[in-house]
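entry.cif follows; it contains mmCIF, all heavy atoms.
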```cif
data_input
loop_
_atom_site.label_atom_id
_atom_site.label_comp_id
_atom_site.auth_asym_id
_atom_site.auth_seq_id
_atom_site.Cartn_x
_atom_site.Cartn_y
_atom_site.Cartn_z
N MET A 1026 108.07 62.08 104.85
CA MET A 1026 107.23 62.54 103.76
C MET A 1026 105.88 63.02 104.29
O MET A 1026 105.39 64.05 103.85
CB MET A 1026 107.05 61.40 102.75
CG MET A 1026 106.18 61.75 101.57
SD MET A 1026 107.03 62.91 100.51
CE MET A 1026 105.92 63.00 99.19
N LEU A 1027 105.31 62.28 105.23
CA LEU A 1027 104.01 62.66 105.78
C LEU A 1027 104.10 63.97 106.55
O LEU A 1027 103.21 64.82 106.43
CB LEU A 1027 103.49 61.54 106.69
CG LEU A 1027 102.08 61.75 107.25
CD1 LEU A 1027 101.08 61.89 106.12
CD2 LEU A 1027 101.70 60.62 108.17
N SER A 1028 105.17 64.16 107.31
CA SER A 1028 105.31 65.41 108.06
C SER A 1028 105.47 66.60 107.11
O SER A 1028 105.01 67.70 107.41
CB SER A 1028 106.50 65.33 109.03
OG SER A 1028 107.71 65.25 108.30
N TYR A 1029 106.12 66.38 105.98
CA TYR A 1029 106.26 67.45 104.98
C TYR A 1029 104.89 67.85 104.43
O TYR A 1029 104.60 69.03 104.28
CB TYR A 1029 107.18 66.99 103.85
CG TYR A 1029 107.29 68.00 102.73
CD1 TYR A 1029 108.03 69.15 102.91
CD2 TYR A 1029 106.63 67.79 101.53
CE1 TYR A 1029 108.12 70.09 101.90
CE2 TYR A 1029 106.71 68.72 100.51
CZ TYR A 1029 107.46 69.88 100.70
OH TYR A 1029 107.54 70.80 99.70
N LEU A 1030 104.04 66.88 104.17
CA LEU A 1030 102.70 67.18 103.67
C LEU A 1030 101.86 67.91 104.71
O LEU A 1030 101.10 68.81 104.37
CB LEU A 1030 102.00 65.89 103.23
CG LEU A 1030 102.55 65.21 101.97
CD1 LEU A 1030 101.85 63.89 101.72
CD2 LEU A 1030 102.41 66.13 100.78
N VAL A 1031 102.02 67.54 105.96
CA VAL A 1031 101.28 68.20 107.03
C VAL A 1031 101.74 69.65 107.14
O VAL A 1031 100.91 70.57 107.26
CB VAL A 1031 101.47 67.45 108.37
CG1 VAL A 1031 100.89 68.26 109.52
CG2 VAL A 1031 100.81 66.08 108.30
N LYS A 1032 103.05 69.88 107.07
CA LYS A 1032 103.57 71.25 107.14
C LYS A 1032 103.08 72.07 105.95
O LYS A 1032 102.74 73.24 106.09
CB LYS A 1032 105.10 71.24 107.16
CG LYS A 1032 105.69 70.77 108.47
CD LYS A 1032 107.19 70.78 108.42
CE LYS A 1032 107.79 70.22 109.69
NZ LYS A 1032 109.27 70.18 109.65
N LEU A 1033 103.04 71.47 104.78
CA LEU A 1033 102.56 72.14 103.59
C LEU A 1033 101.09 72.51 103.73
O LEU A 1033 100.67 73.59 103.35
CB LEU A 1033 102.79 71.26 102.35
CG LEU A 1033 102.45 71.88 101.01
CD1 LEU A 1033 103.33 73.09 100.76
CD2 LEU A 1033 102.63 70.86 99.90
N GLN A 1034 100.32 71.60 104.31
CA GLN A 1034 98.90 71.86 104.53
C GLN A 1034 98.70 73.01 105.51
O GLN A 1034 97.82 73.86 105.31
CB GLN A 1034 98.23 70.59 105.08
CG GLN A 1034 97.00 70.21 104.37
CD GLN A 1034 96.46 68.87 104.88
OE1 GLN A 1034 97.00 68.24 105.79
NE2 GLN A 1034 95.38 68.44 104.28
N VAL A 1035 99.51 73.05 106.55
CA VAL A 1035 99.41 74.12 107.54
C VAL A 1035 99.75 75.46 106.91
O VAL A 1035 99.08 76.47 107.13
CB VAL A 1035 100.33 73.83 108.75
CG1 VAL A 1035 100.45 75.05 109.66
CG2 VAL A 1035 99.80 72.63 109.53
N LYS A 1036 100.79 75.49 106.08
CA LYS A 1036 101.17 76.73 105.40
C LYS A 1036 100.08 77.18 104.44
O LYS A 1036 99.79 78.37 104.33
CB LYS A 1036 102.50 76.55 104.66
CG LYS A 1036 103.69 76.49 105.58
CD LYS A 1036 104.98 76.35 104.80
CE LYS A 1036 106.16 76.24 105.73
NZ LYS A 1036 107.42 76.11 105.00
N ALA A 1037 99.49 76.26 103.72
CA ALA A 1037 98.41 76.60 102.79
C ALA A 1037 97.21 77.17 103.54
O ALA A 1037 96.58 78.12 103.10
CB ALA A 1037 98.02 75.38 101.97
N ALA A 1038 96.89 76.59 104.69
CA ALA A 1038 95.77 77.09 105.49
C ALA A 1038 96.07 78.49 106.00
O ALA A 1038 95.18 79.35 106.03
CB ALA A 1038 95.50 76.14 106.65
N ALA A 1039 97.31 78.76 106.38
CA ALA A 1039 97.67 80.09 106.86
C ALA A 1039 97.55 81.11 105.74
O ALA A 1039 97.10 82.24 105.97
CB ALA A 1039 99.10 80.07 107.41
N LEU A 1040 97.91 80.76 104.53
CA LEU A 1040 97.78 81.68 103.40
C LEU A 1040 96.32 81.99 103.12
O LEU A 1040 95.97 83.14 102.84
CB LEU A 1040 98.44 81.09 102.15
CG LEU A 1040 99.97 81.10 102.12
CD1 LEU A 1040 100.46 80.39 100.87
CD2 LEU A 1040 100.49 82.52 102.17
N ARG A 1041 95.48 81.00 103.19
CA ARG A 1041 94.05 81.23 102.96
C ARG A 1041 93.47 82.15 104.02
O ARG A 1041 92.67 83.03 103.73
CB ARG A 1041 93.29 79.91 102.93
CG ARG A 1041 93.46 79.14 101.65
CD ARG A 1041 92.44 78.02 101.57
NE ARG A 1041 92.58 77.08 102.66
CZ ARG A 1041 93.27 75.94 102.61
NH1 ARG A 1041 93.88 75.60 101.50
NH2 ARG A 1041 93.33 75.15 103.64
N ASN A 1042 93.87 81.98 105.26
CA ASN A 1042 93.37 82.82 106.34
C ASN A 1042 93.82 84.27 106.18
O ASN A 1042 93.08 85.19 106.48
CB ASN A 1042 93.82 82.28 107.70
CG ASN A 1042 93.09 80.99 108.05
OD1 ASN A 1042 92.04 80.71 107.51
ND2 ASN A 1042 93.68 80.21 108.95
N ASP A 1043 95.05 84.50 105.74
CA ASP A 1043 95.56 85.85 105.55
C ASP A 1043 94.78 86.57 104.45
O ASP A 1043 94.53 87.76 104.56
CB ASP A 1043 97.05 85.82 105.19
CG ASP A 1043 97.91 85.49 106.39
OD1 ASP A 1043 97.38 85.55 107.51
OD2 ASP A 1043 99.09 85.19 106.20
N ARG A 1044 94.42 85.87 103.42
CA ARG A 1044 93.68 86.51 102.34
C ARG A 1044 92.32 86.98 102.84
O ARG A 1044 91.87 88.06 102.48
CB ARG A 1044 93.50 85.55 101.17
CG ARG A 1044 94.78 85.32 100.43
CD ARG A 1044 94.57 84.43 99.23
NE ARG A 1044 95.85 84.13 98.62
CZ ARG A 1044 96.08 83.05 97.91
NH1 ARG A 1044 95.13 82.18 97.71
NH2 ARG A 1044 97.27 82.85 97.39
N GLY A 1045 91.67 86.19 103.65
CA GLY A 1045 90.38 86.59 104.20
C GLY A 1045 90.50 87.79 105.11
O GLY A 1045 89.68 88.70 105.08
N ALA A 1046 91.53 87.81 105.93
CA ALA A 1046 91.75 88.93 106.83
C ALA A 1046 92.05 90.20 106.04
O ALA A 1046 91.58 91.29 106.39
CB ALA A 1046 92.89 88.62 107.79
N THR A 1047 92.80 90.07 104.97
CA THR A 1047 93.11 91.24 104.15
C THR A 1047 91.84 91.80 103.52
O THR A 1047 91.66 93.02 103.46
CB THR A 1047 94.13 90.87 103.06
OG1 THR A 1047 95.30 90.33 103.69
CG2 THR A 1047 94.53 92.06 102.25
N ALA A 1048 90.97 90.95 103.05
CA ALA A 1048 89.72 91.41 102.45
C ALA A 1048 88.87 92.15 103.48
O ALA A 1048 88.27 93.18 103.17
CB ALA A 1048 88.95 90.23 101.87
N VAL A 1049 88.84 91.66 104.70
CA VAL A 1049 88.08 92.32 105.76
C VAL A 1049 88.70 93.68 106.07
O VAL A 1049 87.98 94.67 106.23
CB VAL A 1049 88.04 91.44 107.03
CG1 VAL A 1049 87.47 92.21 108.21
CG2 VAL A 1049 87.23 90.19 106.77
N GLU A 1050 90.02 93.75 106.12
CA GLU A 1050 90.69 95.02 106.39
C GLU A 1050 90.39 96.03 105.29
O GLU A 1050 90.12 97.20 105.58
CB GLU A 1050 92.19 94.81 106.52
CG GLU A 1050 92.57 94.05 107.78
CD GLU A 1050 94.02 93.59 107.77
OE1 GLU A 1050 94.71 93.82 106.77
OE2 GLU A 1050 94.44 93.01 108.77
N TYR A 1051 90.44 95.61 104.04
CA TYR A 1051 90.12 96.52 102.94
C TYR A 1051 88.66 96.98 103.03
O TYR A 1051 88.37 98.14 102.77
CB TYR A 1051 90.38 95.87 101.59
CG TYR A 1051 91.85 95.85 101.21
CD1 TYR A 1051 92.43 94.69 100.71
CD2 TYR A 1051 92.64 96.98 101.33
CE1 TYR A 1051 93.77 94.66 100.36
CE2 TYR A 1051 93.96 96.97 100.98
CZ TYR A 1051 94.54 95.80 100.49
OH TYR A 1051 95.84 95.79 100.15
N GLY A 1052 87.79 96.09 103.38
CA GLY A 1052 86.38 96.46 103.54
C GLY A 1052 86.18 97.50 104.62
O GLY A 1052 85.41 98.44 104.46
N LEU A 1053 86.88 97.34 105.74
CA LEU A 1053 86.79 98.31 106.83
C LEU A 1053 87.35 99.67 106.41
O LEU A 1053 86.79 100.72 106.74
CB LEU A 1053 87.52 97.80 108.07
CG LEU A 1053 86.85 96.64 108.79
CD1 LEU A 1053 87.77 96.11 109.89
CD2 LEU A 1053 85.53 97.07 109.37
N MET A 1054 88.45 99.65 105.66
CA MET A 1054 89.03 100.90 105.18
C MET A 1054 88.09 101.62 104.23
O MET A 1054 87.91 102.84 104.33
CB MET A 1054 90.37 100.64 104.49
CG MET A 1054 91.48 100.33 105.45
SD MET A 1054 93.10 99.91 104.76
CE MET A 1054 93.11 100.54 103.13
N VAL A 1055 87.46 100.89 103.34
CA VAL A 1055 86.50 101.49 102.41
C VAL A 1055 85.31 102.08 103.16
O VAL A 1055 84.86 103.18 102.85
CB VAL A 1055 86.05 100.46 101.35
CG1 VAL A 1055 84.86 100.96 100.56
CG2 VAL A 1055 87.20 100.12 100.42
N ALA A 1056 84.83 101.37 104.15
CA ALA A 1056 83.70 101.87 104.94
C ALA A 1056 84.08 103.14 105.70
O ALA A 1056 83.30 104.10 105.74
CB ALA A 1056 83.23 100.80 105.92
N LEU A 1057 85.28 103.18 106.26
CA LEU A 1057 85.73 104.36 106.99
C LEU A 1057 85.89 105.55 106.05
O LEU A 1057 85.47 106.66 106.38
CB LEU A 1057 87.06 104.07 107.70
CG LEU A 1057 87.64 105.22 108.51
CD1 LEU A 1057 86.70 105.59 109.65
CD2 LEU A 1057 89.00 104.85 109.06
N ILE A 1058 86.45 105.33 104.88
CA ILE A 1058 86.60 106.41 103.90
C ILE A 1058 85.23 106.93 103.48
O ILE A 1058 85.03 108.13 103.35
CB ILE A 1058 87.43 105.92 102.70
CG1 ILE A 1058 88.88 105.71 103.12
CG2 ILE A 1058 87.35 106.91 101.54
CD1 ILE A 1058 89.73 105.00 102.10
N ALA A 1059 84.29 106.03 103.26
CA ALA A 1059 82.94 106.45 102.87
C ALA A 1059 82.29 107.29 103.96
O ALA A 1059 81.64 108.30 103.67
CB ALA A 1059 82.07 105.23 102.56
N ILE A 1060 82.46 106.93 105.21
CA ILE A 1060 81.89 107.70 106.32
C ILE A 1060 82.50 109.09 106.38
O ILE A 1060 81.79 110.08 106.56
CB ILE A 1060 82.09 106.94 107.66
CG1 ILE A 1060 81.19 105.70 107.69
CG2 ILE A 1060 81.80 107.85 108.85
CD1 ILE A 1060 81.48 104.77 108.84
N VAL A 1061 83.81 109.19 106.18
CA VAL A 1061 84.48 110.49 106.20
C VAL A 1061 83.99 111.36 105.05
O VAL A 1061 83.72 112.56 105.23
CB VAL A 1061 86.02 110.30 106.15
CG1 VAL A 1061 86.72 111.62 105.89
CG2 VAL A 1061 86.52 109.68 107.44
N ILE A 1062 83.84 110.78 103.87
CA ILE A 1062 83.36 111.54 102.72
C ILE A 1062 81.94 112.03 102.95
O ILE A 1062 81.61 113.19 102.67
CB ILE A 1062 83.46 110.70 101.43
CG1 ILE A 1062 84.92 110.52 101.04
CG2 ILE A 1062 82.68 111.33 100.29
CD1 ILE A 1062 85.15 109.56 99.90
N ILE A 1063 81.08 111.18 103.46
CA ILE A 1063 79.69 111.57 103.72
C ILE A 1063 79.63 112.70 104.75
O ILE A 1063 78.90 113.68 104.58
CB ILE A 1063 78.86 110.36 104.18
CG1 ILE A 1063 78.67 109.39 103.00
CG2 ILE A 1063 77.52 110.78 104.74
CD1 ILE A 1063 78.09 108.06 103.38
N ALA A 1064 80.44 112.60 105.81
CA ALA A 1064 80.46 113.65 106.83
C ALA A 1064 80.97 114.96 106.24
O ALA A 1064 80.40 116.03 106.51
CB ALA A 1064 81.33 113.22 108.00
N ALA A 1065 82.02 114.90 105.44
CA ALA A 1065 82.58 116.12 104.84
C ALA A 1065 81.58 116.78 103.90
O ALA A 1065 81.42 118.01 103.91
CB ALA A 1065 83.87 115.79 104.11
N VAL A 1066 80.91 116.00 103.09
CA VAL A 1066 79.93 116.56 102.15
C VAL A 1066 78.76 117.16 102.91
O VAL A 1066 78.25 118.23 102.53
CB VAL A 1066 79.46 115.47 101.15
CG1 VAL A 1066 78.24 115.90 100.38
CG2 VAL A 1066 80.59 115.11 100.20
N THR A 1067 78.33 116.53 103.95
CA THR A 1067 77.22 117.06 104.75
C THR A 1067 77.58 118.40 105.38
O THR A 1067 76.82 119.36 105.30
CB THR A 1067 76.83 116.05 105.85
OG1 THR A 1067 76.47 114.82 105.24
CG2 THR A 1067 75.67 116.56 106.68
N ILE A 1068 78.75 118.46 106.00
CA ILE A 1068 79.18 119.71 106.65
C ILE A 1068 79.40 120.80 105.60
O ILE A 1068 78.96 121.94 105.77
CB ILE A 1068 80.46 119.46 107.48
CG1 ILE A 1068 80.12 118.58 108.68
CG2 ILE A 1068 81.07 120.78 107.95
CD1 ILE A 1068 81.33 118.06 109.42
N LEU A 1069 80.10 120.45 104.53
CA LEU A 1069 80.38 121.44 103.48
C LEU A 1069 79.09 121.90 102.81
O LEU A 1069 78.94 123.08 102.48
CB LEU A 1069 81.34 120.84 102.45
CG LEU A 1069 81.84 121.78 101.36
CD1 LEU A 1069 82.63 122.92 101.98
CD2 LEU A 1069 82.70 121.02 100.37
N GLY A 1070 78.16 121.00 102.61
CA GLY A 1070 76.89 121.35 101.99
C GLY A 1070 76.11 122.35 102.81
O GLY A 1070 75.53 123.30 102.27
N LYS A 1071 76.08 122.18 104.12
CA LYS A 1071 75.37 123.13 104.99
C LYS A 1071 76.05 124.50 104.94
O LYS A 1071 75.38 125.53 104.87
CB LYS A 1071 75.34 122.61 106.41
CG LYS A 1071 74.39 121.44 106.60
CD LYS A 1071 74.37 120.96 108.03
CE LYS A 1071 73.45 119.76 108.17
NZ LYS A 1071 73.46 119.23 109.53
N ASN A 1072 77.37 124.52 104.96
CA ASN A 1072 78.08 125.80 104.91
C ASN A 1072 77.87 126.50 103.57
O ASN A 1072 77.69 127.72 103.53
CB ASN A 1072 79.58 125.59 105.16
CG ASN A 1072 79.88 125.21 106.59
OD1 ASN A 1072 79.06 125.44 107.47
ND2 ASN A 1072 81.03 124.62 106.82
N LEU A 1073 77.91 125.77 102.48
CA LEU A 1073 77.69 126.37 101.17
C LEU A 1073 76.27 126.89 101.02
O LEU A 1073 76.05 127.95 100.45
CB LEU A 1073 78.01 125.37 100.06
CG LEU A 1073 79.49 125.14 99.78
CD1 LEU A 1073 79.66 124.08 98.71
CD2 LEU A 1073 80.16 126.43 99.35
N SER A 1074 75.32 126.16 101.52
CA SER A 1074 73.93 126.59 101.47
C SER A 1074 73.75 127.90 102.23
O SER A 1074 73.09 128.82 101.75
CB SER A 1074 73.02 125.51 102.05
OG SER A 1074 71.70 125.95 102.07
N SER A 1075 74.35 128.00 103.38
CA SER A 1075 74.29 129.22 104.18
C SER A 1075 74.96 130.37 103.43
O SER A 1075 74.44 131.49 103.40
CB SER A 1075 74.97 128.99 105.52
OG SER A 1075 75.13 130.20 106.20
N LEU A 1076 76.08 130.12 102.82
CA LEU A 1076 76.80 131.15 102.08
C LEU A 1076 75.98 131.65 100.88
O LEU A 1076 75.86 132.86 100.66
CB LEU A 1076 78.15 130.63 101.60
CG LEU A 1076 79.00 131.58 100.75
CD1 LEU A 1076 79.44 132.77 101.58
CD2 LEU A 1076 80.19 130.85 100.19
N PHE A 1077 75.38 130.73 100.14
CA PHE A 1077 74.57 131.12 98.99
C PHE A 1077 73.34 131.92 99.43
O PHE A 1077 72.95 132.88 98.77
CB PHE A 1077 74.16 129.91 98.17
CG PHE A 1077 75.27 129.34 97.32
CD1 PHE A 1077 75.50 127.98 97.28
CD2 PHE A 1077 76.08 130.17 96.56
CE1 PHE A 1077 76.51 127.45 96.51
CE2 PHE A 1077 77.10 129.65 95.78
CZ PHE A 1077 77.33 128.30 95.75
N ASN A 1078 72.72 131.54 100.53
CA ASN A 1078 71.57 132.28 101.03
C ASN A 1078 71.96 133.69 101.45
O ASN A 1078 71.22 134.65 101.19
CB ASN A 1078 70.93 131.55 102.20
CG ASN A 1078 70.17 130.31 101.74
OD1 ASN A 1078 69.72 130.23 100.61
ND2 ASN A 1078 70.04 129.36 102.65
N THR A 1079 73.13 133.83 102.07
CA THR A 1079 73.61 135.15 102.46
C THR A 1079 73.85 136.04 101.25
O THR A 1079 73.46 137.21 101.22
CB THR A 1079 74.91 135.03 103.29
OG1 THR A 1079 74.67 134.19 104.41
CG2 THR A 1079 75.40 136.37 103.76
N VAL A 1080 74.49 135.49 100.24
CA VAL A 1080 74.77 136.24 99.02
C VAL A 1080 73.46 136.58 98.31
O VAL A 1080 73.29 137.71 97.81
CB VAL A 1080 75.73 135.45 98.09
CG1 VAL A 1080 75.85 136.10 96.73
CG2 VAL A 1080 77.08 135.30 98.76
N ALA A 1081 72.53 135.66 98.26
CA ALA A 1081 71.27 135.89 97.57
C ALA A 1081 70.45 137.00 98.23
O ALA A 1081 69.84 137.81 97.56
CB ALA A 1081 70.45 134.61 97.52
N THR A 1082 70.46 137.03 99.56
CA THR A 1082 69.71 138.08 100.25
C THR A 1082 70.36 139.44 100.11
O THR A 1082 69.68 140.47 100.10
CB THR A 1082 69.52 137.74 101.74
OG1 THR A 1082 70.80 137.54 102.34
CG2 THR A 1082 68.66 136.52 101.92
N SER A 1083 71.69 139.46 100.01
CA SER A 1083 72.37 140.75 99.87
C SER A 1083 72.29 141.30 98.46
O SER A 1083 72.43 142.50 98.25
CB SER A 1083 73.84 140.64 100.30
OG SER A 1083 74.54 139.82 99.40
N VAL A 1084 72.04 140.46 97.49
CA VAL A 1084 71.91 140.92 96.10
C VAL A 1084 70.50 141.38 95.90
O VAL A 1084 70.11 142.39 95.53
CB VAL A 1084 72.20 139.77 95.10
CG1 VAL A 1084 71.85 140.19 93.69
CG2 VAL A 1084 73.65 139.37 95.21
#
```

Full structure transcribed into structure tokens:
Amino acid sequence: MLSYLVKLQVKAAALRNDRGATAVEYGLMVALIAIVIIAAVTILGKNLSSLFNTVATSV
């Protein structure tokens, strides 16, 4: 009976650890997506600004 409780405790601890690791992984994914979005908007914004200035000067 005691060994069963110990095994149950070990399994419960493993489940708790997996949940924490999953939260960290999701956090890293969100941070990476945010960095990609910021980089894309920055690059696209510079290109659009240049395009609008070119059109404005030609008009």

Checklist entry - Suppose you want the space between atom CG1 of Ile1058 of chain A and atom C of Leu1076 of chain A; what is it in Å? => result 29.1 Å

Please give the centre and size of the box around segment 1067-1075 of chain A (axis-aligned, containing every atom listed in the file, 4 Å added per side), with values in Å to one decimal and written as JSON.
```
{"center_x": 77.2, "center_y": 123.2, "center_z": 104.1, "size_x": 19.0, "size_y": 24.7, "size_z": 18.8}
```

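Taking atom CD1 of Leu1073 of chain A as the reference point, atom C of Val1061 of chain A is found at 14.9 Å.
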
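Distance-wise, atom CA of Ala1059 of chain A and atom CA of Ser1075 of chain A end up 24.4 Å apart.
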